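> Contents of work.pdb (PDB, N, CA and C atoms) are below:
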ATOM      1  N   MET D   1     136.930 161.350 275.382
ATOM      2  CA  MET D   1     137.944 160.752 276.214
ATOM      3  C   MET D   1     138.766 161.815 276.933
ATOM      4  N   ILE D   2     138.947 162.940 276.301
ATOM      5  CA  ILE D   2     139.743 163.999 276.911
ATOM      6  C   ILE D   2     139.048 164.520 278.162
ATOM      7  N   GLU D   3     137.726 164.588 278.142
ATOM      8  CA  GLU D   3     136.974 165.125 279.281
ATOM      9  C   GLU D   3     137.077 164.248 280.516
ATOM     10  N   ASP D   4     136.955 162.921 280.353
ATOM     11  CA  ASP D   4     136.967 162.009 281.505
ATOM     12  C   ASP D   4     137.464 160.642 281.047
ATOM     13  N   LEU D   5     138.768 160.484 281.031
ATOM     14  CA  LEU D   5     139.383 159.262 280.513
ATOM     15  C   LEU D   5     138.951 158.028 281.290
ATOM     16  N   SER D   6     138.952 158.098 282.609
ATOM     17  CA  SER D   6     138.559 156.927 283.420
ATOM     18  C   SER D   6     137.148 156.462 283.088
ATOM     19  N   ARG D   7     136.234 157.402 282.954
ATOM     20  CA  ARG D   7     134.850 157.053 282.629
ATOM     21  C   ARG D   7     134.779 156.346 281.277
ATOM     22  N   GLU D   8     135.495 156.868 280.290
ATOM     23  CA  GLU D   8     135.435 156.281 278.949
ATOM     24  C   GLU D   8     136.115 154.919 278.902
ATOM     25  N   ILE D   9     137.211 154.755 279.628
ATOM     26  CA  ILE D   9     137.859 153.444 279.698
ATOM     27  C   ILE D   9     136.911 152.445 280.340
ATOM     28  N   SER D  10     136.225 152.852 281.387
ATOM     29  CA  SER D  10     135.249 151.971 282.054
ATOM     30  C   SER D  10     134.126 151.577 281.098
ATOM     31  N   ARG D  11     133.645 152.527 280.326
ATOM     32  CA  ARG D  11     132.573 152.236 279.367
ATOM     33  C   ARG D  11     133.030 151.223 278.332
ATOM     34  N   ILE D  12     134.231 151.419 277.807
ATOM     35  CA  ILE D  12     134.759 150.490 276.802
ATOM     36  C   ILE D  12     134.978 149.116 277.432
ATOM     37  N   ALA D  13     135.529 149.078 278.641
ATOM     38  CA  ALA D  13     135.775 147.807 279.327
ATOM     39  C   ALA D  13     134.471 147.048 279.553
ATOM     40  N   ARG D  14     133.436 147.748 280.005
ATOM     41  CA  ARG D  14     132.127 147.091 280.189
ATOM     42  C   ARG D  14     131.603 146.557 278.857
ATOM     43  N   PHE D  15     131.755 147.338 277.805
ATOM     44  CA  PHE D  15     131.237 146.949 276.490
ATOM     45  C   PHE D  15     131.896 145.657 275.996
ATOM     46  N   VAL D  16     133.206 145.537 276.203
ATOM     47  CA  VAL D  16     133.906 144.346 275.716
ATOM     48  C   VAL D  16     133.999 143.242 276.763
ATOM     49  N   GLY D  17     133.417 143.469 277.938
ATOM     50  CA  GLY D  17     133.410 142.450 278.977
ATOM     51  C   GLY D  17     134.738 142.311 279.703
ATOM     52  N   ALA D  18     135.520 143.358 279.744
ATOM     53  CA  ALA D  18     136.825 143.322 280.416
ATOM     54  C   ALA D  18     136.690 143.710 281.886
ATOM     55  N   ASP D  19     137.757 143.493 282.610
ATOM     56  CA  ASP D  19     137.837 143.805 284.037
ATOM     57  C   ASP D  19     137.660 145.310 284.248
ATOM     58  N   THR D  20     136.677 145.689 285.059
ATOM     59  CA  THR D  20     136.412 147.109 285.315
ATOM     60  C   THR D  20     136.801 147.522 286.735
ATOM     61  N   SER D  21     137.699 146.749 287.361
ATOM     62  CA  SER D  21     138.143 147.121 288.710
ATOM     63  C   SER D  21     138.903 148.450 288.644
ATOM     64  N   LYS D  22     138.910 149.148 289.764
ATOM     65  CA  LYS D  22     139.600 150.443 289.816
ATOM     66  C   LYS D  22     141.078 150.294 289.474
ATOM     67  N   ASP D  23     141.704 149.216 289.943
ATOM     68  CA  ASP D  23     143.128 149.002 289.653
ATOM     69  C   ASP D  23     143.363 148.816 288.153
ATOM     70  N   ASN D  24     142.513 148.037 287.511
ATOM     71  CA  ASN D  24     142.677 147.797 286.078
ATOM     72  C   ASN D  24     142.430 149.077 285.277
ATOM     73  N   ILE D  25     141.392 149.818 285.625
ATOM     74  CA  ILE D  25     141.097 151.077 284.928
ATOM     75  C   ILE D  25     142.263 152.047 285.104
ATOM     76  N   ALA D  26     142.821 152.117 286.306
ATOM     77  CA  ALA D  26     143.964 153.006 286.559
ATOM     78  C   ALA D  26     145.177 152.582 285.725
ATOM     79  N   ARG D  27     145.406 151.277 285.612
ATOM     80  CA  ARG D  27     146.532 150.769 284.817
ATOM     81  C   ARG D  27     146.353 151.112 283.339
ATOM     82  N   VAL D  28     145.142 150.932 282.828
ATOM     83  CA  VAL D  28     144.872 151.277 281.429
ATOM     84  C   VAL D  28     145.013 152.779 281.228
ATOM     85  N   GLU D  29     144.504 153.551 282.162
ATOM     86  CA  GLU D  29     144.608 155.011 282.056
ATOM     87  C   GLU D  29     146.078 155.438 282.012
ATOM     88  N   GLU D  30     146.905 154.858 282.864
ATOM     89  CA  GLU D  30     148.332 155.203 282.862
ATOM     90  C   GLU D  30     148.980 154.861 281.521
ATOM     91  N   LYS D  31     148.690 153.670 281.014
ATOM     92  CA  LYS D  31     149.360 153.211 279.798
ATOM     93  C   LYS D  31     148.803 153.836 278.525
ATOM     94  N   THR D  32     147.690 154.537 278.631
ATOM     95  CA  THR D  32     147.145 155.222 277.449
ATOM     96  C   THR D  32     147.408 156.722 277.486
ATOM     97  N   GLN D  33     148.166 157.167 278.465
ATOM     98  CA  GLN D  33     148.572 158.566 278.493
ATOM     99  C   GLN D  33     149.561 158.796 277.356
ATOM    100  N   PHE D  34     149.438 159.906 276.697
ATOM    101  CA  PHE D  34     150.301 160.191 275.565
ATOM    102  C   PHE D  34     151.770 160.140 275.960
ATOM    103  N   SER D  35     152.103 160.699 277.107
ATOM    104  CA  SER D  35     153.502 160.719 277.546
ATOM    105  C   SER D  35     154.048 159.296 277.736
ATOM    106  N   TYR D  36     153.216 158.380 278.223
ATOM    107  CA  TYR D  36     153.631 156.991 278.400
ATOM    108  C   TYR D  36     153.837 156.321 277.041
ATOM    109  N   MET D  37     152.867 156.485 276.143
ATOM    110  CA  MET D  37     152.955 155.838 274.831
ATOM    111  C   MET D  37     154.112 156.378 274.003
ATOM    112  N   LYS D  38     154.411 157.649 274.153
ATOM    113  CA  LYS D  38     155.503 158.245 273.381
ATOM    114  C   LYS D  38     156.848 157.628 273.779
ATOM    115  N   LYS D  39     156.996 157.255 275.044
ATOM    116  CA  LYS D  39     158.249 156.642 275.518
ATOM    117  C   LYS D  39     158.317 155.149 275.205
ATOM    118  N   ASP D  40     157.170 154.512 275.016
ATOM    119  CA  ASP D  40     157.094 153.063 274.807
ATOM    120  C   ASP D  40     157.353 152.748 273.333
ATOM    121  N   LYS D  41     158.463 152.086 273.056
ATOM    122  CA  LYS D  41     158.840 151.799 271.669
ATOM    123  C   LYS D  41     157.812 150.927 270.949
ATOM    124  N   THR D  42     157.061 150.112 271.693
ATOM    125  CA  THR D  42     156.059 149.269 271.036
ATOM    126  C   THR D  42     154.841 150.085 270.591
ATOM    127  N   CYS D  43     154.590 151.213 271.233
ATOM    128  CA  CYS D  43     153.475 152.084 270.846
ATOM    129  C   CYS D  43     153.892 153.091 269.789
ATOM    130  N   ASN D  44     155.143 153.439 269.794
ATOM    131  CA  ASN D  44     155.616 154.535 268.955
ATOM    132  C   ASN D  44     156.217 154.049 267.640
ATOM    133  N   TYR D  45     155.999 152.805 267.274
ATOM    134  CA  TYR D  45     156.477 152.251 266.009
ATOM    135  C   TYR D  45     157.945 152.580 265.769
ATOM    136  N   PHE D  46     158.739 152.486 266.836
ATOM    137  CA  PHE D  46     160.149 152.832 266.756
ATOM    138  C   PHE D  46     160.862 152.034 265.670
ATOM    139  N   HIS D  47     160.473 150.766 265.504
ATOM    140  CA  HIS D  47     161.137 149.915 264.514
ATOM    141  C   HIS D  47     160.873 150.379 263.082
ATOM    142  N   HIS D  48     159.827 151.175 262.856
ATOM    143  CA  HIS D  48     159.534 151.707 261.518
ATOM    144  C   HIS D  48     160.057 153.125 261.325
ATOM    145  N   TYR D  49     160.083 153.895 262.382
ATOM    146  CA  TYR D  49     160.407 155.320 262.287
ATOM    147  C   TYR D  49     161.599 155.669 263.169
ATOM    148  N   GLN D  50     162.721 155.039 262.944
ATOM    149  CA  GLN D  50     163.871 155.247 263.820
ATOM    150  C   GLN D  50     164.391 156.684 263.772
ATOM    151  N   HIS D  51     164.183 157.373 262.691
ATOM    152  CA  HIS D  51     164.677 158.740 262.570
ATOM    153  C   HIS D  51     163.683 159.771 263.092
ATOM    154  N   ASP D  52     162.446 159.364 263.321
ATOM    155  CA  ASP D  52     161.405 160.290 263.741
ATOM    156  C   ASP D  52     160.382 159.520 264.562
ATOM    157  N   LEU D  53     159.657 160.204 265.383
ATOM    158  CA  LEU D  53     158.642 159.549 266.210
ATOM    159  C   LEU D  53     157.317 159.484 265.480
ATOM    160  N   PHE D  54     156.657 158.357 265.565
ATOM    161  CA  PHE D  54     155.330 158.202 264.995
ATOM    162  C   PHE D  54     154.325 159.065 265.752
ATOM    163  N   LEU D  55     154.430 159.066 267.076
ATOM    164  CA  LEU D  55     153.576 159.903 267.915
ATOM    165  C   LEU D  55     154.301 161.227 268.126
ATOM    166  N   ARG D  56     153.667 162.311 267.727
ATOM    167  CA  ARG D  56     154.354 163.597 267.787
ATOM    168  C   ARG D  56     154.098 164.333 269.094
ATOM    169  N   ASN D  57     152.880 164.894 269.284
ATOM    170  CA  ASN D  57     152.664 165.698 270.486
ATOM    171  C   ASN D  57     151.325 165.471 271.171
ATOM    172  N   GLY D  58     150.411 164.760 270.542
ATOM    173  CA  GLY D  58     149.149 164.427 271.184
ATOM    174  C   GLY D  58     148.158 165.557 271.281
ATOM    175  N   LYS D  59     148.307 166.573 270.483
ATOM    176  CA  LYS D  59     147.399 167.720 270.507
ATOM    177  C   LYS D  59     146.422 167.643 269.337
ATOM    178  N   VAL D  60     145.154 167.858 269.640
ATOM    179  CA  VAL D  60     144.129 167.848 268.599
ATOM    180  C   VAL D  60     144.427 168.954 267.588
ATOM    181  N   GLY D  61     144.404 168.599 266.316
ATOM    182  CA  GLY D  61     144.600 169.577 265.254
ATOM    183  C   GLY D  61     146.050 169.868 264.916
ATOM    184  N   SER D  62     147.002 169.194 265.579
ATOM    185  CA  SER D  62     148.416 169.479 265.294
ATOM    186  C   SER D  62     148.828 169.024 263.902
ATOM    187  N   TRP D  63     147.968 168.238 263.247
ATOM    188  CA  TRP D  63     148.274 167.785 261.892
ATOM    189  C   TRP D  63     148.442 168.961 260.944
ATOM    190  N   ARG D  64     147.848 170.107 261.299
ATOM    191  CA  ARG D  64     147.949 171.299 260.443
ATOM    192  C   ARG D  64     149.395 171.726 260.201
ATOM    193  N   LYS D  65     150.278 171.372 261.125
ATOM    194  CA  LYS D  65     151.690 171.721 260.975
ATOM    195  C   LYS D  65     152.401 170.809 259.979
ATOM    196  N   PHE D  66     151.785 169.658 259.649
ATOM    197  CA  PHE D  66     152.453 168.656 258.838
ATOM    198  C   PHE D  66     151.783 168.410 257.490
ATOM    199  N   LEU D  67     150.512 168.761 257.363
ATOM    200  CA  LEU D  67     149.781 168.521 256.122
ATOM    201  C   LEU D  67     149.344 169.840 255.499
ATOM    202  N   THR D  68     149.219 169.826 254.181
ATOM    203  CA  THR D  68     148.659 170.996 253.514
ATOM    204  C   THR D  68     147.168 171.035 253.803
ATOM    205  N   GLU D  69     146.530 172.156 253.506
ATOM    206  CA  GLU D  69     145.085 172.256 253.712
ATOM    207  C   GLU D  69     144.350 171.216 252.872
ATOM    208  N   GLU D  70     144.809 171.005 251.637
ATOM    209  CA  GLU D  70     144.173 170.012 250.761
ATOM    210  C   GLU D  70     144.314 168.603 251.331
ATOM    211  N   GLN D  71     145.498 168.262 251.831
ATOM    212  CA  GLN D  71     145.699 166.949 252.429
ATOM    213  C   GLN D  71     144.810 166.777 253.660
ATOM    214  N   GLY D  72     144.687 167.835 254.434
ATOM    215  CA  GLY D  72     143.830 167.786 255.619
ATOM    216  C   GLY D  72     142.377 167.552 255.247
ATOM    217  N   LYS D  73     141.903 168.243 254.225
ATOM    218  CA  LYS D  73     140.518 168.051 253.774
ATOM    219  C   LYS D  73     140.307 166.631 253.268
ATOM    220  N   ASP D  74     141.273 166.098 252.522
ATOM    221  CA  ASP D  74     141.175 164.718 252.041
ATOM    222  C   ASP D  74     141.122 163.734 253.204
ATOM    223  N   MET D  75     141.970 163.962 254.209
ATOM    224  CA  MET D  75     142.005 163.091 255.381
ATOM    225  C   MET D  75     140.659 163.121 256.111
ATOM    226  N   LEU D  76     140.119 164.314 256.319
ATOM    227  CA  LEU D  76     138.850 164.436 257.032
ATOM    228  C   LEU D  76     137.689 163.847 256.239
ATOM    229  N   GLU D  77     137.727 163.974 254.935
ATOM    230  CA  GLU D  77     136.677 163.382 254.103
ATOM    231  C   GLU D  77     136.737 161.853 254.187
ATOM    232  N   THR D  78     137.931 161.300 254.141
ATOM    233  CA  THR D  78     138.095 159.845 254.271
ATOM    234  C   THR D  78     137.599 159.392 255.645
ATOM    235  N   GLU D  79     137.974 160.133 256.679
ATOM    236  CA  GLU D  79     137.528 159.829 258.037
ATOM    237  C   GLU D  79     135.999 159.853 258.116
ATOM    238  N   ARG D  80     135.384 160.874 257.539
ATOM    239  CA  ARG D  80     133.930 161.008 257.575
ATOM    240  C   ARG D  80     133.263 159.804 256.909
ATOM    241  N   ARG D  81     133.782 159.387 255.741
ATOM    242  CA  ARG D  81     133.188 158.251 255.021
ATOM    243  C   ARG D  81     133.299 156.957 255.829
ATOM    244  N   VAL D  82     134.445 156.727 256.437
ATOM    245  CA  VAL D  82     134.645 155.512 257.226
ATOM    246  C   VAL D  82     133.713 155.519 258.435
ATOM    247  N   TYR D  83     133.679 156.629 259.168
ATOM    248  CA  TYR D  83     132.816 156.716 260.341
ATOM    249  C   TYR D  83     131.348 156.595 259.963
ATOM    250  N   GLU D  84     130.973 157.165 258.842
ATOM    251  CA  GLU D  84     129.583 157.103 258.387
ATOM    252  C   GLU D  84     129.142 155.653 258.196
ATOM    253  N   LYS D  85     130.040 154.803 257.703
ATOM    254  CA  LYS D  85     129.731 153.375 257.509
ATOM    255  C   LYS D  85     129.306 152.721 258.825
ATOM    256  N   PHE D  86     129.855 153.212 259.923
ATOM    257  CA  PHE D  86     129.579 152.629 261.231
ATOM    258  C   PHE D  86     128.571 153.437 262.032
ATOM    259  N   GLY D  87     127.979 154.450 261.406
ATOM    260  CA  GLY D  87     126.976 155.254 262.070
ATOM    261  C   GLY D  87     127.525 156.162 263.150
ATOM    262  N   ILE D  88     128.781 156.569 263.000
ATOM    263  CA  ILE D  88     129.437 157.424 263.995
ATOM    264  C   ILE D  88     129.447 158.855 263.490
ATOM    265  N   SER D  89     129.038 159.775 264.344
ATOM    266  CA  SER D  89     129.075 161.200 264.004
ATOM    267  C   SER D  89     130.467 161.732 264.300
ATOM    268  N   VAL D  90     130.994 162.537 263.380
ATOM    269  CA  VAL D  90     132.355 163.060 263.529
ATOM    270  C   VAL D  90     132.302 164.574 263.676
ATOM    271  N   ASN D  91     132.974 165.083 264.708
ATOM    272  CA  ASN D  91     133.165 166.518 264.861
ATOM    273  C   ASN D  91     134.577 166.805 264.360
ATOM    274  N   SER D  92     134.694 167.323 263.159
ATOM    275  CA  SER D  92     136.026 167.532 262.593
ATOM    276  C   SER D  92     136.676 168.769 263.191
ATOM    277  N   CYS D  93     137.987 168.813 263.075
ATOM    278  CA  CYS D  93     138.754 169.947 263.581
ATOM    279  C   CYS D  93     139.350 170.726 262.432
ATOM    280  N   MET D  94     138.729 170.704 261.295
ATOM    281  CA  MET D  94     139.242 171.429 260.113
ATOM    282  C   MET D  94     138.938 172.893 260.233
TER     283      MET D  94
END
For this file, produce the structure as structure tokens.

Amino acid sequence: MIEDLSREISRIARFVGADTSKDNIARVEEKTQFSYMKKDKTCNYFHHYQHDLFLRNGKVGSWRKFLTEEQGKDMLETERRVYEKFGISVNSCM
């Protein structure tokens, strides 16, 4: 998605049978930008995390600043098991 967001949104929209017009894809692209979601209280779980933001910075691997190495390995192992159930290959950032 990072490489070509519009293309990936279009692929997902086609898969689920949603509107793939340029206007709709542009609207989805705008509303899925990290900067937009961070400001939107409905995306940022503001009602649960009033003292802190649920969405931090949107950078791949930034979890390293918040989790220990052991917690990170546990998280990635859980992710791998879940994705494996669905036949999805995971490129981890550990």
> Find the spatial neighbours of Lys22 (chain D), counting only C-alpha atoms, within a cut-off of 12 Å - ignore same-chain residues fewer than 2 positions away - and output them as a list in words.
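The neighbour list is Ser6, Arg7, Ile9, Ser10, Ala13, Asp19, Thr20, Asn24, Ile25, Ala26, Arg27, Val28 and Glu29 of chain D.
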> Just the number, please: distance in Å from CA of Tyr36 (chain D) to atom C of Ile88 (chain D), one decimal.
28.5 Å
> What gap, in Å, lies between CA of Arg80 (chain D) and atom N of Thr68 (chain D)?
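Pair CA of Arg80 (chain D) / atom N of Thr68 (chain D) returns 18.0 Å.
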> Go ahead and compute the interatomic distance for atom C of Val60 (chain D) and atom C of Gly72 (chain D), in Å to one decimal.
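Those two atoms sit 12.6 Å apart.
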> Considering only C-alpha atoms, state which residue in the set D:Glu70, D:Thr32, D:Lys38, D:Lys65 is at the smallest distance from Leu5 (chain D).
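The shortest atom-to-atom distance to Leu5 (chain D) comes from D:Thr32.
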